[in-house]
Amino acid sequence: MLYYSLNHQSSKVTFAEAAVRGQAPDKGLYFPEHIPQLPEGLIKNIRSYSKEELGFIVMKPYVGESIPDDVLQQIVAETINFDFPLVKVTDNIYSLELFHGPTLAFKDVGARFMSRCLGYFNRHAYHHTTLLVATSGDTGGAVANGFLAVDGVEVIILYPSGKVSPIQELQLTTCGQNITALEVQGNFDDCQAIVKQAFMDADLTGKLSLTSANSINVARWLPQQLYYFFAYQQWQRHEPPVICVPSGNFGNICAGLVAHLSGLPVKHFIAACNANDAVPQFFKTGNYQSKQAVATISNAMDVGNPSNFVRILEMFNHELPALQNVLSSYSIDDATTAATIKNVYEQHNYMLDPHGAVAYYALNEYLQQHTNDNGIFLETAHPVKFPDTVEEATNTRIPFPESVQYLKGKEKKSILMPASFEDFKEWLMKR
Ligand SMILES: *Cc1c(COP(=O)(O)O)cnc(C)c1O
């Protein structure tokens with residue numbers, strides 16, 4: 001399997017090269033030359049496969065010869081060594097809980113897969129890679145945890161001081177080893193701007209081999225397909241589900257669409273957005289306009305110009321009607337999101353996080369119009385990571401889950417940094 005750049009100016013590369021580079025030299029996103037079809041009988045007998053077997057079968061064609069089978073089996077097994085339960089919330093709505101990984105967020109799967117792939121590609125430690133990540137909270141934790149102790153990779157996380165929740169901050173700042181947390185005195189956009197500028201700075205790129213772990217990397221993007229297969233393994237109904245995905249950069253839903261095009265039965269997809277509505281507006285007007293991100297209570301989806309949307313357009317030959325047959329998109333505001341957390345808790349005794357709430361509401365809207373359908377929404381983070389919003393909406397205290405109790409005794413270690421590229425550069429050059 002080779003990957004081409006969506007800007008069509010760079011040459012085709014293997015999975016290994018695409019994963020190491022992140023982005024093509026022409027700044028395009030990498031895309032697989034073709035979408036492989038699932039082996040015959042896989043869907044019919046899907047329950048007879050373990051999730052490790054399924055994960056290997058799905059990922060193998062994308063990885064191709066870049067990783068030997070036994071290593072890929074090991075990588076897949078380590079990537080998905082936790083549960084992905086499908087939980088019934090109402091008569092026609094189910095929650096696919098993707099928050100049972102080590103950092104309580106769905107990004108664990110992509111980060112774990114990518115880190116282990118890079119670890120393998122770097123196995124002779126010929127060179128040393130510096131990975132820069134700007135985070136509003138969730139990505140940083142998953143990346144820190146995924147890359148902890150991976151040889152030859154140093155991880156530098158920039159997070160906005162005072163703007164991540166207590167659990168998120170502990171996840172970012174207590175790893176030690178090859179993980180360094182920079183506490184930036186600014187907002188997420190400042191962190192992101194510093195990282196972007198670093199990649200364009202000749203002194204830094206001359207001295208260090210810089211790479212990023214954001215969701216455009218094929219090694220982070222493609223393994224997210226597995227959620228959709230695990231959902232289908234647990235789906236008991238005859239008709240395929242409608243699947244609703246809380247979307248920011250559109251990597252997750254784009255992976256779901258790939259799974260579907262390879263043969264996974266899904267009745268319809270919904271991309272649920274918060275007030276950042278570039279894609280819902282595009283579906284309404286046929287006109288795509290990127291926007292400045294606005295801050296919301298589902299902050300991991302505060303993206304004004306979703307990078308993976310071009311991949312979705314590519315899959316549907318840039319034809320909006322063809323895309324609309326498969327995908328709908330909704331924008332949900334903060335007041336509705338908070339009310340949804342409250343209502344679903346009171347009426348169904350199920351605690352949503354703000355991202356899951358956006359998806360729940362969009363799915364419910366859709367199902368009001370399609371009364372014979374049943375749906376799954378992806379619950380992408382544990383509510384305890386957004387305690388202010390969720391505790392206020394539900395009027396309860398969320399207990400600290402057992403799996404992250406260990407964080408409580410740990411000491412936060414971060415380096416305070418002004419929101420200035422020059423300060424960052426000086427610090428990084430001196431290391
Ligand atoms: C990153 C994130 C999203 C958005 O996922 P994309 O792949 O960027 O669309 C949704 N929910 C949570 C909790 C996230 O961390």
# chains A, B, ... in the order shown; residues from 1 in each chain; ligands from 1

$ select_by_dssp --residues "stretch 233-382 of chain A" --states "helix (DSSP H, G or I)" --output "PyMOL selection string"
chain A and resi 233-234+251-261+278-285+299-301+309-315+320-326+334-348+354-369

$ residues_around --residues "stretch 217-223 of chain A" --least-positions-apart "3" --cutoff "6 Å" --atoms "only C-alpha atoms" --output "ChimeraX atom specification"
/A:19,22,110-111,114,226,251,255

$ closest_residue --among "A:Asp190, A:Glu314, A:Asp151, A:Glu379" --to "A:Thr135" --atoms "only C-alpha atoms"
A:Asp190

$ residues_near_ligand --ligand "ligand 1" --cutoff "7 Å" --atoms "only C-alpha atoms and all ligand atoms" --output "PDB file with C-alpha atoms, in the first residue's frame"
ATOM      1  CA  ALA A 105      -9.929   9.561  26.141  1.00  0.00           C
ATOM      2  CA  PHE A 106     -10.435   7.970  22.747  1.00  0.00           C
ATOM      3  CA  LYS A 107      -7.178   9.495  21.557  1.00  0.00           C
ATOM      4  CA  ASP A 138      -6.878  15.598  25.763  1.00  0.00           C
ATOM      5  CA  THR A 139      -4.335  15.078  23.012  1.00  0.00           C
ATOM      6  CA  SER A 215      -4.360  13.601  13.931  1.00  0.00           C
ATOM      7  CA  PRO A 246     -18.378  14.307  18.072  1.00  0.00           C
ATOM      8  CA  SER A 247     -16.043  16.007  15.638  1.00  0.00           C
ATOM      9  CA  GLY A 248     -13.328  18.646  15.790  1.00  0.00           C
ATOM     10  CA  ASN A 249     -10.509  17.893  13.382  1.00  0.00           C
ATOM     11  CA  PHE A 250     -12.650  15.183  11.744  1.00  0.00           C
ATOM     12  CA  GLY A 251      -9.988  12.474  12.054  1.00  0.00           C
ATOM     13  CA  ASN A 252     -12.179  10.059  13.964  1.00  0.00           C
ATOM     14  CA  ILE A 253     -15.210  10.281  11.689  1.00  0.00           C
ATOM     15  CA  ALA A 300     -11.347  19.337  22.268  1.00  0.00           C
ATOM     16  CA  MET A 301     -13.590  20.108  19.277  1.00  0.00           C
ATOM     17  CA  HIS A 355     -18.276  16.004  23.735  1.00  0.00           C
ATOM     18  CA  THR A 380     -14.969  10.162  23.484  1.00  0.00           C
ATOM     19  CA  ALA A 381     -13.905  11.192  26.999  1.00  0.00           C
TER      20      ALA A 381
END

$ residues_around --residues "A:Ser331" --least-positions-apart "4" --cutoff "8 Å" --atoms "only C-alpha atoms" --output "number ranges by chain"
A: 272-277, 280, 362

$ write_last_selection --atoms "C-alpha atoms" --output "mmCIF file, in the first residue's frame"
data_model
loop_
_atom_site.group_PDB
_atom_site.id
_atom_site.type_symbol
_atom_site.label_atom_id
_atom_site.label_comp_id
_atom_site.auth_asym_id
_atom_site.auth_seq_id
_atom_site.Cartn_x
_atom_site.Cartn_y
_atom_site.Cartn_z
ATOM 1 C CA ALA A 272 -21.708 16.442 15.517
ATOM 2 C CA CYS A 273 -19.950 19.783 15.976
ATOM 3 C CA ASN A 274 -20.140 22.458 18.646
ATOM 4 C CA ALA A 275 -20.370 26.155 17.700
ATOM 5 C CA ASN A 276 -17.406 25.613 15.372
ATOM 6 C CA ASP A 277 -19.589 24.907 12.387
ATOM 7 C CA PRO A 280 -22.378 21.962 9.046
ATOM 8 C CA ALA A 362 -27.302 15.468 17.253
#

$ residues_around --residues "stretch 68-85 of chain A" --least-positions-apart "5" --cutoff "7 Å" --atoms "only C-alpha atoms" --output "NGL selection string"
:A and (52 or 55-56 or 96-98 or 100-101 or 109 or 112-113 or 116 or 230)

$ select_by_dssp --residues "stretch 104-290 of chain A" --states "strand (DSSP E or B)" --output "PyMOL selection string"
chain A and resi 105+129-134+153-160+179-185+209-212+242-246+268-273
